[in-house]
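Heads up: the structure comes next, in structure tokens.
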Amino acid sequence: MTESSSSMANAVPWIVPRAAYIHIPFCAHHCGYCDFAVVTHQDQQIDLYLEALELELQRLQTPRPVQTRFIGGGTPTYLSLAQLERLLAMLQQWLPLEGKVVECTIESTPESLDAEKCQLLAEAGVNRISIGLQSFHNHHLSTLERLHRADVVDSVVVMAAKFLPHRSLDLIFGVPGQTMEDWQQDIEHAISLPIDHLSTYGLTYEKGTPLWKQLHRGQLTPVAEDIELEMYLFAMRKLQECGFSQYEISNFAKAGGSCLHNEVYWANHAYYGFGLGAARYVHLNRELNTRSFSEYLRRCFRGEDPTFQRETLSEAERALETLAIQLRRARGIHRTEFQIQTGYSLDEIAGDAFSPFLDSGHLQDDGTSIALTTTGKCVADSVIAQIFSRIRNTSQWSLNHFPSG
Ligand code: SF4
């Protein structure tokens, strides 16, 4: 399949990708709560990985212009200057940025960033940096097993602001031992820095991680659910007051600061994915690369596809998936856009399933779109799961489209 840049402009965004994710798995250390595809203590393999990544990109055969690139990890800025330069050059060759507004994000950590790297990134077209900060309190950073100390963060963000026009920070709430006061300080400190985007995530105990093991051995006490809820409500209220609008359940941005790449995911549009464990959604197929580092290298060097899993959803399944994903956006699901994207009427699919949540105040309907209310955002996963199950188990539409149940 070939695709010219002019055809990209006209291509349907949920079928032909205009976004690309590139995974760089290396980290200086594996944080206690992290279950991403991460590689530590194998720095001697970084050059080999970049070679494998280039081989995977070459499988495209022709360059694919994209509007957004997201270089995630892992810690992409853990790479040396020369390695970063090589990475950015191969991305520019195979995934050139094209469009009126383009975005190239790189993920980073406070301890892996310096002025030289920022300058190189800026010169290579990176215009957005997302820094994994998580907390301004050293004891919480220790619980999370993060490497950096809180006192380096201010100078790192100020330094990044000299080179990169958009800066985002990640903060985690619900860390064992964290108080409401700690969290208020974290939010207030973050927004005093030169950033235009903030992501706030409730801590999750992913199965098999060191933090999950500590929890199951009774070695730590999770923050009570009602405190976590208060923390989330505080973040929503405070950030709104300070000019950060919430455009997704966990994401807040000043005007012009929202992450265009992540908006592709939340629209359920298509995207490329390259590298260890990377997911992609291309031409209506969902694919996942192998998470085994040695297998990834082996397959790429043998000229084989590193895809480990492939799934083609039916049209009805895609419509349900689009509904669940778009409900995470503050603007929710736009009826007309949904119909164009999926071929189905939102009300026909989910009208009955939405009703109890409209009555209970978890959803709002302005006639054009259906969206979560503030109350709904606090229990978003549960609301979305219940809507899903009502559609699947009780709606006439579902019986027509999933006759076997
Ligand atoms: S730095 Fe980020 S990706 Fe790396 S181990 Fe820690 S949380 Fe995971």
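Residue numbering restarts at 1 in every chain; chains get A, B, ... in the order shown in the structure tokens, and ligands count up from 1 in that same order.
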Check which residues of chain A sit at most 7 Å from ligand 1 using only C-alpha atoms and all ligand atoms, and return one row each with the closest pair of atoms and their distance in Å to one decimal, ordered by chain and rising number, as a tab-separated table.
```
residue	atom	partner	partner_atom_place_in_ligand_line	distance
A:Cys27	CA	ligand 1	4 (Fe)	4.8
A:His29	CA	ligand 1	5 (S)	5.9
A:His30	CA	ligand 1	5 (S)	3.8
A:Cys31	CA	ligand 1	6 (Fe)	4.2
A:Tyr33	CA	ligand 1	7 (S)	7.0
A:Cys34	CA	ligand 1	8 (Fe)	4.5
A:Asp35	CA	ligand 1	8 (Fe)	6.7
A:Phe36	CA	ligand 1	8 (Fe)	5.9
A:Val38	CA	ligand 1	3 (S)	6.1
A:Gly73	CA	ligand 1	3 (S)	5.3
A:Gly74	CA	ligand 1	3 (S)	3.7
A:Thr75	CA	ligand 1	4 (Fe)	5.6
A:Thr109	CA	ligand 1	1 (S)	6.5
A:Gly132	CA	ligand 1	2 (Fe)	6.6
A:Arg146	CA	ligand 1	6 (Fe)	6.4
```
- Message: Could you pull out the helix (DSSP H, G or I) residues of segment 205-382 of chain A, going by DSSP on the backbone, and write them as a PyMOL selection string?
- Response: chain A and resi 210-216+225-241+260-266+293-301+315-326+335-342+346-359+374-378+380-382
- Counting only C-alpha atoms, what is within 9 Å of Tyr201 of chain A, bar same-chain residues fewer than 2 positions away, as number ranges by chain? A: 134, 170-174, 199, 203-204, 232, 250-251
12 Å contact set for His269 of chain A, only C-alpha atoms, chain neighbours under 5 positions out, as a PDB file with all heavy atoms, in the first residue's frame:
```pdb
ATOM      1  N   ALA A  11      -7.561  11.782   3.400  1.00  0.00           N
ATOM      2  CA  ALA A  11      -7.861  10.445   3.909  1.00  0.00           C
ATOM      3  C   ALA A  11      -8.769  10.515   5.131  1.00  0.00           C
ATOM      4  O   ALA A  11      -8.749  11.483   5.880  1.00  0.00           O
ATOM      5  CB  ALA A  11      -6.573   9.737   4.262  1.00  0.00           C
ATOM      6  N   VAL A  12      -9.536   9.452   5.313  1.00  0.00           N
ATOM      7  CA  VAL A  12     -10.447   9.395   6.458  1.00  0.00           C
ATOM      8  C   VAL A  12      -9.624   9.101   7.711  1.00  0.00           C
ATOM      9  O   VAL A  12      -8.912   8.103   7.763  1.00  0.00           O
ATOM     10  CB  VAL A  12     -11.483   8.270   6.215  1.00  0.00           C
ATOM     11  CG1 VAL A  12     -12.427   8.171   7.392  1.00  0.00           C
ATOM     12  CG2 VAL A  12     -12.246   8.539   4.931  1.00  0.00           C
ATOM     13  N   PRO A  13      -9.694   9.968   8.724  1.00  0.00           N
ATOM     14  CA  PRO A  13      -8.737   9.863   9.837  1.00  0.00           C
ATOM     15  C   PRO A  13      -8.925   8.634  10.725  1.00  0.00           C
ATOM     16  O   PRO A  13      -8.032   8.305  11.488  1.00  0.00           O
ATOM     17  CB  PRO A  13      -8.966  11.156  10.635  1.00  0.00           C
ATOM     18  CG  PRO A  13     -10.324  11.612  10.254  1.00  0.00           C
ATOM     19  CD  PRO A  13     -10.554  11.147   8.851  1.00  0.00           C
ATOM     20  N   TRP A  14     -10.086   7.960  10.652  1.00  0.00           N
ATOM     21  CA  TRP A  14     -10.223   6.758  11.475  1.00  0.00           C
ATOM     22  C   TRP A  14      -9.782   5.513  10.705  1.00  0.00           C
ATOM     23  O   TRP A  14      -9.811   4.421  11.218  1.00  0.00           O
ATOM     24  CB  TRP A  14     -11.644   6.594  12.028  1.00  0.00           C
ATOM     25  CG  TRP A  14     -12.746   6.711  11.021  1.00  0.00           C
ATOM     26  CD1 TRP A  14     -13.300   5.710  10.297  1.00  0.00           C
ATOM     27  CD2 TRP A  14     -13.432   7.901  10.644  1.00  0.00           C
ATOM     28  NE1 TRP A  14     -14.274   6.195   9.487  1.00  0.00           N
ATOM     29  CE2 TRP A  14     -14.389   7.546   9.686  1.00  0.00           C
ATOM     30  CE3 TRP A  14     -13.332   9.241  11.021  1.00  0.00           C
ATOM     31  CZ2 TRP A  14     -15.235   8.484   9.093  1.00  0.00           C
ATOM     32  CZ3 TRP A  14     -14.174  10.160  10.437  1.00  0.00           C
ATOM     33  CH2 TRP A  14     -15.110   9.787   9.495  1.00  0.00           C
ATOM     34  N   ILE A  15      -9.385   5.724   9.440  1.00  0.00           N
ATOM     35  CA  ILE A  15      -8.891   4.582   8.646  1.00  0.00           C
ATOM     36  C   ILE A  15      -7.400   4.746   8.335  1.00  0.00           C
ATOM     37  O   ILE A  15      -6.605   3.826   8.526  1.00  0.00           O
ATOM     38  CB  ILE A  15      -9.709   4.436   7.341  1.00  0.00           C
ATOM     39  CG1 ILE A  15     -11.177   4.146   7.689  1.00  0.00           C
ATOM     40  CG2 ILE A  15      -9.132   3.331   6.458  1.00  0.00           C
ATOM     41  CD1 ILE A  15     -12.092   4.004   6.513  1.00  0.00           C
ATOM     42  N   VAL A  16      -7.030   5.917   7.854  1.00  0.00           N
ATOM     43  CA  VAL A  16      -5.624   6.157   7.479  1.00  0.00           C
ATOM     44  C   VAL A  16      -4.960   7.022   8.551  1.00  0.00           C
ATOM     45  O   VAL A  16      -5.414   8.127   8.839  1.00  0.00           O
ATOM     46  CB  VAL A  16      -5.553   6.872   6.109  1.00  0.00           C
ATOM     47  CG1 VAL A  16      -4.098   7.127   5.727  1.00  0.00           C
ATOM     48  CG2 VAL A  16      -6.252   6.038   5.049  1.00  0.00           C
ATOM     49  N   PRO A  17      -3.873   6.518   9.165  1.00  0.00           N
ATOM     50  CA  PRO A  17      -3.259   7.260  10.267  1.00  0.00           C
ATOM     51  C   PRO A  17      -2.654   8.595   9.862  1.00  0.00           C
ATOM     52  O   PRO A  17      -2.053   8.709   8.796  1.00  0.00           O
ATOM     53  CB  PRO A  17      -2.148   6.322  10.746  1.00  0.00           C
ATOM     54  CG  PRO A  17      -2.487   4.989  10.218  1.00  0.00           C
ATOM     55  CD  PRO A  17      -3.227   5.220   8.939  1.00  0.00           C
ATOM     56  N   ARG A  18      -2.832   9.572  10.735  1.00  0.00           N
ATOM     57  CA  ARG A  18      -2.130  10.857  10.631  1.00  0.00           C
ATOM     58  C   ARG A  18      -1.322  11.077  11.895  1.00  0.00           C
ATOM     59  O   ARG A  18      -0.948  12.196  12.218  1.00  0.00           O
ATOM     60  CB  ARG A  18      -3.137  12.000  10.501  1.00  0.00           C
ATOM     61  CG  ARG A  18      -3.923  11.968   9.221  1.00  0.00           C
ATOM     62  CD  ARG A  18      -4.992  13.025   9.256  1.00  0.00           C
ATOM     63  NE  ARG A  18      -5.807  12.951   8.077  1.00  0.00           N
ATOM     64  CZ  ARG A  18      -6.891  13.690   7.885  1.00  0.00           C
ATOM     65  NH1 ARG A  18      -7.273  14.548   8.804  1.00  0.00           N
ATOM     66  NH2 ARG A  18      -7.587  13.566   6.782  1.00  0.00           N
ATOM     67  N   ALA A  19      -1.136  10.002  12.649  1.00  0.00           N
ATOM     68  CA  ALA A  19      -0.434  10.099  13.925  1.00  0.00           C
ATOM     69  C   ALA A  19       0.460   8.873  14.057  1.00  0.00           C
ATOM     70  O   ALA A  19       0.126   7.802  13.538  1.00  0.00           O
ATOM     71  CB  ALA A  19      -1.441  10.127  15.071  1.00  0.00           C
ATOM     72  N   ALA A  20       1.580   9.035  14.745  1.00  0.00           N
ATOM     73  CA  ALA A  20       2.470   7.884  14.935  1.00  0.00           C
ATOM     74  C   ALA A  20       3.030   7.884  16.351  1.00  0.00           C
ATOM     75  O   ALA A  20       3.465   8.924  16.855  1.00  0.00           O
ATOM     76  CB  ALA A  20       3.623   7.932  13.936  1.00  0.00           C
ATOM     77  N   LEU A 260      -2.466  17.058  20.714  1.00  0.00           N
ATOM     78  CA  LEU A 260      -3.187  16.657  19.501  1.00  0.00           C
ATOM     79  C   LEU A 260      -3.076  15.157  19.276  1.00  0.00           C
ATOM     80  O   LEU A 260      -4.006  14.518  18.787  1.00  0.00           O
ATOM     81  CB  LEU A 260      -2.626  17.393  18.275  1.00  0.00           C
ATOM     82  CG  LEU A 260      -2.649  18.919  18.328  1.00  0.00           C
ATOM     83  CD1 LEU A 260      -2.034  19.508  17.072  1.00  0.00           C
ATOM     84  CD2 LEU A 260      -4.085  19.406  18.494  1.00  0.00           C
ATOM     85  N   HIS A 261      -1.921  14.595  19.643  1.00  0.00           N
ATOM     86  CA  HIS A 261      -1.717  13.164  19.423  1.00  0.00           C
ATOM     87  C   HIS A 261      -2.687  12.341  20.276  1.00  0.00           C
ATOM     88  O   HIS A 261      -3.329  11.407  19.776  1.00  0.00           O
ATOM     89  CB  HIS A 261      -0.275  12.778  19.742  1.00  0.00           C
ATOM     90  CG  HIS A 261       0.018  11.345  19.457  1.00  0.00           C
ATOM     91  ND1 HIS A 261       0.377  10.898  18.208  1.00  0.00           N
ATOM     92  CD2 HIS A 261      -0.057  10.245  20.241  1.00  0.00           C
ATOM     93  CE1 HIS A 261       0.532   9.595  18.242  1.00  0.00           C
ATOM     94  NE2 HIS A 261       0.280   9.168  19.474  1.00  0.00           N
ATOM     95  N   ASN A 262      -2.796  12.693  21.537  1.00  0.00           N
ATOM     96  CA  ASN A 262      -3.707  11.925  22.386  1.00  0.00           C
ATOM     97  C   ASN A 262      -5.161  12.119  21.974  1.00  0.00           C
ATOM     98  O   ASN A 262      -5.993  11.227  22.153  1.00  0.00           O
ATOM     99  CB  ASN A 262      -3.496  12.290  23.859  1.00  0.00           C
ATOM    100  CG  ASN A 262      -2.237  11.640  24.403  1.00  0.00           C
ATOM    101  OD1 ASN A 262      -1.757  10.653  23.849  1.00  0.00           O
ATOM    102  ND2 ASN A 262      -1.689  12.187  25.461  1.00  0.00           N
ATOM    103  N   GLU A 263      -5.464  13.261  21.385  1.00  0.00           N
ATOM    104  CA  GLU A 263      -6.836  13.468  20.912  1.00  0.00           C
ATOM    105  C   GLU A 263      -7.186  12.487  19.787  1.00  0.00           C
ATOM    106  O   GLU A 263      -8.347  12.140  19.614  1.00  0.00           O
ATOM    107  CB  GLU A 263      -7.034  14.917  20.478  1.00  0.00           C
ATOM    108  CG  GLU A 263      -7.036  15.835  21.708  1.00  0.00           C
ATOM    109  CD  GLU A 263      -7.614  17.210  21.450  1.00  0.00           C
ATOM    110  OE1 GLU A 263      -6.931  18.018  20.813  1.00  0.00           O
ATOM    111  OE2 GLU A 263      -8.731  17.451  21.896  1.00  0.00           O
ATOM    112  N   VAL A 264      -6.159  12.059  19.063  1.00  0.00           N
ATOM    113  CA  VAL A 264      -6.380  11.033  18.031  1.00  0.00           C
ATOM    114  C   VAL A 264      -6.874   9.739  18.694  1.00  0.00           C
ATOM    115  O   VAL A 264      -7.837   9.112  18.248  1.00  0.00           O
ATOM    116  CB  VAL A 264      -5.085  10.786  17.222  1.00  0.00           C
ATOM    117  CG1 VAL A 264      -5.181   9.531  16.358  1.00  0.00           C
ATOM    118  CG2 VAL A 264      -4.758  11.998  16.369  1.00  0.00           C
ATOM    119  N   ARG A 280      -0.934  -0.303  17.423  1.00  0.00           N
ATOM    120  CA  ARG A 280      -1.296   0.547  16.285  1.00  0.00           C
ATOM    121  C   ARG A 280      -2.719   0.229  15.849  1.00  0.00           C
ATOM    122  O   ARG A 280      -3.248  -0.858  16.145  1.00  0.00           O
ATOM    123  CB  ARG A 280      -0.303   0.374  15.122  1.00  0.00           C
ATOM    124  CG  ARG A 280      -0.375  -0.929  14.367  1.00  0.00           C
ATOM    125  CD  ARG A 280       0.751  -1.041  13.355  1.00  0.00           C
ATOM    126  NE  ARG A 280       2.030  -1.249  14.014  1.00  0.00           N
ATOM    127  CZ  ARG A 280       2.507  -2.441  14.389  1.00  0.00           C
ATOM    128  NH1 ARG A 280       1.825  -3.536  14.146  1.00  0.00           N
ATOM    129  NH2 ARG A 280       3.656  -2.548  15.011  1.00  0.00           N
ATOM    130  N   TYR A 281      -3.320   1.187  15.172  1.00  0.00           N
ATOM    131  CA  TYR A 281      -4.695   1.031  14.677  1.00  0.00           C
ATOM    132  C   TYR A 281      -4.687   1.571  13.250  1.00  0.00           C
ATOM    133  O   TYR A 281      -4.766   2.774  13.022  1.00  0.00           O
ATOM    134  CB  TYR A 281      -5.633   1.829  15.586  1.00  0.00           C
ATOM    135  CG  TYR A 281      -7.094   1.714  15.268  1.00  0.00           C
ATOM    136  CD1 TYR A 281      -7.662   0.527  14.799  1.00  0.00           C
ATOM    137  CD2 TYR A 281      -7.946   2.795  15.473  1.00  0.00           C
ATOM    138  CE1 TYR A 281      -9.022   0.432  14.534  1.00  0.00           C
ATOM    139  CE2 TYR A 281      -9.309   2.710  15.212  1.00  0.00           C
ATOM    140  CZ  TYR A 281      -9.832   1.525  14.742  1.00  0.00           C
ATOM    141  OH  TYR A 281     -11.180   1.435  14.476  1.00  0.00           O
ATOM    142  N   VAL A 282      -4.505   0.669  12.320  1.00  0.00           N
ATOM    143  CA  VAL A 282      -4.260   1.062  10.939  1.00  0.00           C
ATOM    144  C   VAL A 282      -5.250   0.344  10.034  1.00  0.00           C
ATOM    145  O   VAL A 282      -5.367  -0.881  10.089  1.00  0.00           O
ATOM    146  CB  VAL A 282      -2.808   0.698  10.529  1.00  0.00           C
ATOM    147  CG1 VAL A 282      -2.552   1.071   9.078  1.00  0.00           C
ATOM    148  CG2 VAL A 282      -1.801   1.409  11.426  1.00  0.00           C
ATOM    149  N   HIS A 283      -5.943   1.117   9.198  1.00  0.00           N
ATOM    150  CA  HIS A 283      -6.904   0.540   8.257  1.00  0.00           C
ATOM    151  C   HIS A 283      -7.868  -0.412   8.976  1.00  0.00           C
ATOM    152  O   HIS A 283      -8.124  -1.515   8.533  1.00  0.00           O
ATOM    153  CB  HIS A 283      -6.190  -0.136   7.082  1.00  0.00           C
ATOM    154  CG  HIS A 283      -5.454   0.857   6.245  1.00  0.00           C
ATOM    155  ND1 HIS A 283      -5.998   1.512   5.181  1.00  0.00           N
ATOM    156  CD2 HIS A 283      -4.209   1.365   6.383  1.00  0.00           C
ATOM    157  CE1 HIS A 283      -5.131   2.370   4.675  1.00  0.00           C
ATOM    158  NE2 HIS A 283      -4.037   2.296   5.394  1.00  0.00           N
ATOM    159  N   LEU A 284      -8.338   0.045  10.115  1.00  0.00           N
ATOM    160  CA  LEU A 284      -9.354  -0.639  10.933  1.00  0.00           C
ATOM    161  C   LEU A 284      -8.844  -1.928  11.586  1.00  0.00           C
ATOM    162  O   LEU A 284      -9.639  -2.693  12.131  1.00  0.00           O
ATOM    163  CB  LEU A 284     -10.634  -0.911  10.119  1.00  0.00           C
ATOM    164  CG  LEU A 284     -11.290   0.346   9.515  1.00  0.00           C
ATOM    165  CD1 LEU A 284     -12.486  -0.031   8.645  1.00  0.00           C
ATOM    166  CD2 LEU A 284     -11.736   1.320  10.599  1.00  0.00           C
ATOM    167  N   ASN A 285      -7.538  -2.161  11.526  1.00  0.00           N
ATOM    168  CA  ASN A 285      -6.966  -3.319  12.233  1.00  0.00           C
ATOM    169  C   ASN A 285      -6.222  -2.842  13.472  1.00  0.00           C
ATOM    170  O   ASN A 285      -5.438  -1.894  13.394  1.00  0.00           O
ATOM    171  CB  ASN A 285      -5.952  -4.055  11.351  1.00  0.00           C
ATOM    172  CG  ASN A 285      -6.630  -4.711  10.182  1.00  0.00           C
ATOM    173  OD1 ASN A 285      -7.647  -5.375  10.332  1.00  0.00           O
ATOM    174  ND2 ASN A 285      -6.086  -4.479   8.998  1.00  0.00           N
ATOM    175  N   ARG A 286      -6.458  -3.523  14.576  1.00  0.00           N
ATOM    176  CA  ARG A 286      -5.688  -3.237  15.791  1.00  0.00           C
ATOM    177  C   ARG A 286      -4.537  -4.233  15.867  1.00  0.00           C
ATOM    178  O   ARG A 286      -4.757  -5.443  15.736  1.00  0.00           O
ATOM    179  CB  ARG A 286      -6.570  -3.388  17.039  1.00  0.00           C
ATOM    180  CG  ARG A 286      -7.568  -2.305  17.167  1.00  0.00           C
ATOM    181  CD  ARG A 286      -7.892  -1.945  18.605  1.00  0.00           C
ATOM    182  NE  ARG A 286      -8.762  -0.784  18.612  1.00  0.00           N
ATOM    183  CZ  ARG A 286      -8.350   0.476  18.646  1.00  0.00           C
ATOM    184  NH1 ARG A 286      -7.061   0.748  18.708  1.00  0.00           N
ATOM    185  NH2 ARG A 286      -9.201   1.475  18.624  1.00  0.00           N
ATOM    186  N   ARG A 318     -16.647  -1.885  16.523  1.00  0.00           N
ATOM    187  CA  ARG A 318     -15.925  -0.604  16.405  1.00  0.00           C
ATOM    188  C   ARG A 318     -16.791   0.550  16.899  1.00  0.00           C
ATOM    189  O   ARG A 318     -16.308   1.477  17.534  1.00  0.00           O
ATOM    190  CB  ARG A 318     -15.519  -0.353  14.953  1.00  0.00           C
ATOM    191  CG  ARG A 318     -14.178  -0.929  14.601  1.00  0.00           C
ATOM    192  CD  ARG A 318     -13.555  -0.219  13.411  1.00  0.00           C
ATOM    193  NE  ARG A 318     -14.448  -0.094  12.282  1.00  0.00           N
ATOM    194  CZ  ARG A 318     -14.652  -1.025  11.363  1.00  0.00           C
ATOM    195  NH1 ARG A 318     -14.024  -2.178  11.442  1.00  0.00           N
ATOM    196  NH2 ARG A 318     -15.472  -0.819  10.364  1.00  0.00           N
ATOM    197  N   ALA A 319     -18.083   0.473  16.595  1.00  0.00           N
ATOM    198  CA  ALA A 319     -18.983   1.545  17.052  1.00  0.00           C
ATOM    199  C   ALA A 319     -19.029   1.576  18.583  1.00  0.00           C
ATOM    200  O   ALA A 319     -18.961   2.645  19.192  1.00  0.00           O
ATOM    201  CB  ALA A 319     -20.377   1.328  16.474  1.00  0.00           C
ATOM    202  N   GLU A 321     -16.751   0.473  20.643  1.00  0.00           N
ATOM    203  CA  GLU A 321     -15.433   0.911  21.118  1.00  0.00           C
ATOM    204  C   GLU A 321     -15.317   2.438  21.005  1.00  0.00           C
ATOM    205  O   GLU A 321     -14.834   3.112  21.922  1.00  0.00           O
ATOM    206  CB  GLU A 321     -14.367   0.226  20.261  1.00  0.00           C
ATOM    207  CG  GLU A 321     -12.963   0.397  20.733  1.00  0.00           C
ATOM    208  CD  GLU A 321     -11.975  -0.145  19.719  1.00  0.00           C
ATOM    209  OE1 GLU A 321     -11.886   0.425  18.608  1.00  0.00           O
ATOM    210  OE2 GLU A 321     -11.306  -1.126  20.027  1.00  0.00           O
ATOM    211  N   THR A 322     -15.785   2.984  19.884  1.00  0.00           N
ATOM    212  CA  THR A 322     -15.732   4.438  19.671  1.00  0.00           C
ATOM    213  C   THR A 322     -16.550   5.150  20.744  1.00  0.00           C
ATOM    214  O   THR A 322     -16.125   6.168  21.308  1.00  0.00           O
ATOM    215  CB  THR A 322     -16.271   4.786  18.263  1.00  0.00           C
ATOM    216  OG1 THR A 322     -15.480   4.078  17.303  1.00  0.00           O
ATOM    217  CG2 THR A 322     -16.196   6.275  17.976  1.00  0.00           C
ATOM    218  N   ILE A 325     -14.612   5.053  24.096  1.00  0.00           N
ATOM    219  CA  ILE A 325     -13.409   5.895  24.108  1.00  0.00           C
ATOM    220  C   ILE A 325     -13.793   7.378  24.093  1.00  0.00           C
ATOM    221  O   ILE A 325     -13.257   8.180  24.849  1.00  0.00           O
ATOM    222  CB  ILE A 325     -12.488   5.542  22.913  1.00  0.00           C
ATOM    223  CG1 ILE A 325     -11.912   4.136  23.099  1.00  0.00           C
ATOM    224  CG2 ILE A 325     -11.376   6.559  22.753  1.00  0.00           C
ATOM    225  CD1 ILE A 325     -11.131   3.600  21.923  1.00  0.00           C
ATOM    226  N   GLN A 326     -14.754   7.738  23.233  1.00  0.00           N
ATOM    227  CA  GLN A 326     -15.087   9.165  23.097  1.00  0.00           C
ATOM    228  C   GLN A 326     -15.773   9.719  24.341  1.00  0.00           C
ATOM    229  O   GLN A 326     -15.730  10.918  24.592  1.00  0.00           O
ATOM    230  CB  GLN A 326     -15.959   9.393  21.858  1.00  0.00           C
ATOM    231  CG  GLN A 326     -15.186   9.136  20.563  1.00  0.00           C
ATOM    232  CD  GLN A 326     -15.930   9.563  19.315  1.00  0.00           C
ATOM    233  OE1 GLN A 326     -17.108   9.897  19.368  1.00  0.00           O
ATOM    234  NE2 GLN A 326     -15.243   9.537  18.191  1.00  0.00           N
ATOM    235  N   PHE A 338     -20.316  10.936  15.263  1.00  0.00           N
ATOM    236  CA  PHE A 338     -20.344   9.505  15.572  1.00  0.00           C
ATOM    237  C   PHE A 338     -20.981   8.729  14.421  1.00  0.00           C
ATOM    238  O   PHE A 338     -20.483   7.682  13.995  1.00  0.00           O
ATOM    239  CB  PHE A 338     -21.129   9.279  16.877  1.00  0.00           C
ATOM    240  CG  PHE A 338     -21.168   7.852  17.331  1.00  0.00           C
ATOM    241  CD1 PHE A 338     -20.140   7.325  18.102  1.00  0.00           C
ATOM    242  CD2 PHE A 338     -22.227   7.019  16.974  1.00  0.00           C
ATOM    243  CE1 PHE A 338     -20.178   5.997  18.515  1.00  0.00           C
ATOM    244  CE2 PHE A 338     -22.268   5.697  17.387  1.00  0.00           C
ATOM    245  CZ  PHE A 338     -21.231   5.188  18.165  1.00  0.00           C
ATOM    246  N   GLN A 341     -18.610   8.602  11.514  1.00  0.00           N
ATOM    247  CA  GLN A 341     -17.441   7.752  11.767  1.00  0.00           C
ATOM    248  C   GLN A 341     -17.800   6.272  11.820  1.00  0.00           C
ATOM    249  O   GLN A 341     -17.036   5.430  11.356  1.00  0.00           O
ATOM    250  CB  GLN A 341     -16.766   8.182  13.077  1.00  0.00           C
ATOM    251  CG  GLN A 341     -15.527   7.382  13.425  1.00  0.00           C
ATOM    252  CD  GLN A 341     -14.735   7.985  14.581  1.00  0.00           C
ATOM    253  OE1 GLN A 341     -14.905   9.160  14.914  1.00  0.00           O
ATOM    254  NE2 GLN A 341     -13.865   7.208  15.176  1.00  0.00           N
ATOM    255  N   THR A 342     -18.946   5.953  12.410  1.00  0.00           N
ATOM    256  CA  THR A 342     -19.241   4.531  12.646  1.00  0.00           C
ATOM    257  C   THR A 342     -20.330   3.974  11.729  1.00  0.00           C
ATOM    258  O   THR A 342     -20.469   2.760  11.590  1.00  0.00           O
ATOM    259  CB  THR A 342     -19.724   4.309  14.093  1.00  0.00           C
ATOM    260  OG1 THR A 342     -20.987   4.969  14.262  1.00  0.00           O
ATOM    261  CG2 THR A 342     -18.731   4.839  15.104  1.00  0.00           C
TER     262      THR A 342
END
```
- Message: List as a PyMOL selection string the protein and nucleic acid residues near segment 373-389 of chain A, meaning an atom at most 6 Å away when only C-alpha atoms are counted, but skip any in the same chain fewer than 6 places from it.
- Response: chain A and resi 353+362-363
Requested write-out: N, CA, C and O atoms of the selected residues, as a PDB file, in the first residue's frame:
```pdb
ATOM      1  N   ALA A 353     -29.503   2.829  27.079  1.00  0.00           N
ATOM      2  CA  ALA A 353     -28.422   2.601  28.063  1.00  0.00           C
ATOM      3  C   ALA A 353     -28.003   3.912  28.721  1.00  0.00           C
ATOM      4  O   ALA A 353     -27.559   3.921  29.869  1.00  0.00           O
ATOM      5  N   HIS A 362     -25.033  11.548  35.956  1.00  0.00           N
ATOM      6  CA  HIS A 362     -23.670  11.165  35.555  1.00  0.00           C
ATOM      7  C   HIS A 362     -23.373  11.573  34.110  1.00  0.00           C
ATOM      8  O   HIS A 362     -22.220  11.697  33.716  1.00  0.00           O
ATOM      9  N   LEU A 363     -24.440  11.737  33.320  1.00  0.00           N
ATOM     10  CA  LEU A 363     -24.284  12.147  31.924  1.00  0.00           C
ATOM     11  C   LEU A 363     -25.109  13.398  31.674  1.00  0.00           C
ATOM     12  O   LEU A 363     -26.110  13.633  32.364  1.00  0.00           O
TER      13      LEU A 363
END
```
- With a distance cut-off of 12 Å and only C-alpha atoms, select the neighbouring residues of Glu116 of chain A, excluding the residue or stretch itself and same-chain residues fewer than 5 positions from it, and output the selection as an NGL selection string. :A and (77 or 80-82 or 84-85 or 121-123 or 159-160 or 162-163)
- Choose the residue, out of A:Leu133, A:Ala224, A:Phe234, A:Asp359, that has the smallest atom-to-atom separation from Val175 of chain A; count only C-alpha atoms. A:Ala224
- Message: I need the residues in segment 16-191 of chain A that are strand (DSSP E or B) according to DSSP; give them as a PyMOL selection string.
- Response: chain A and resi 19-24+26-27+39-40+66+68-73+97+103-108+128-134+166-173
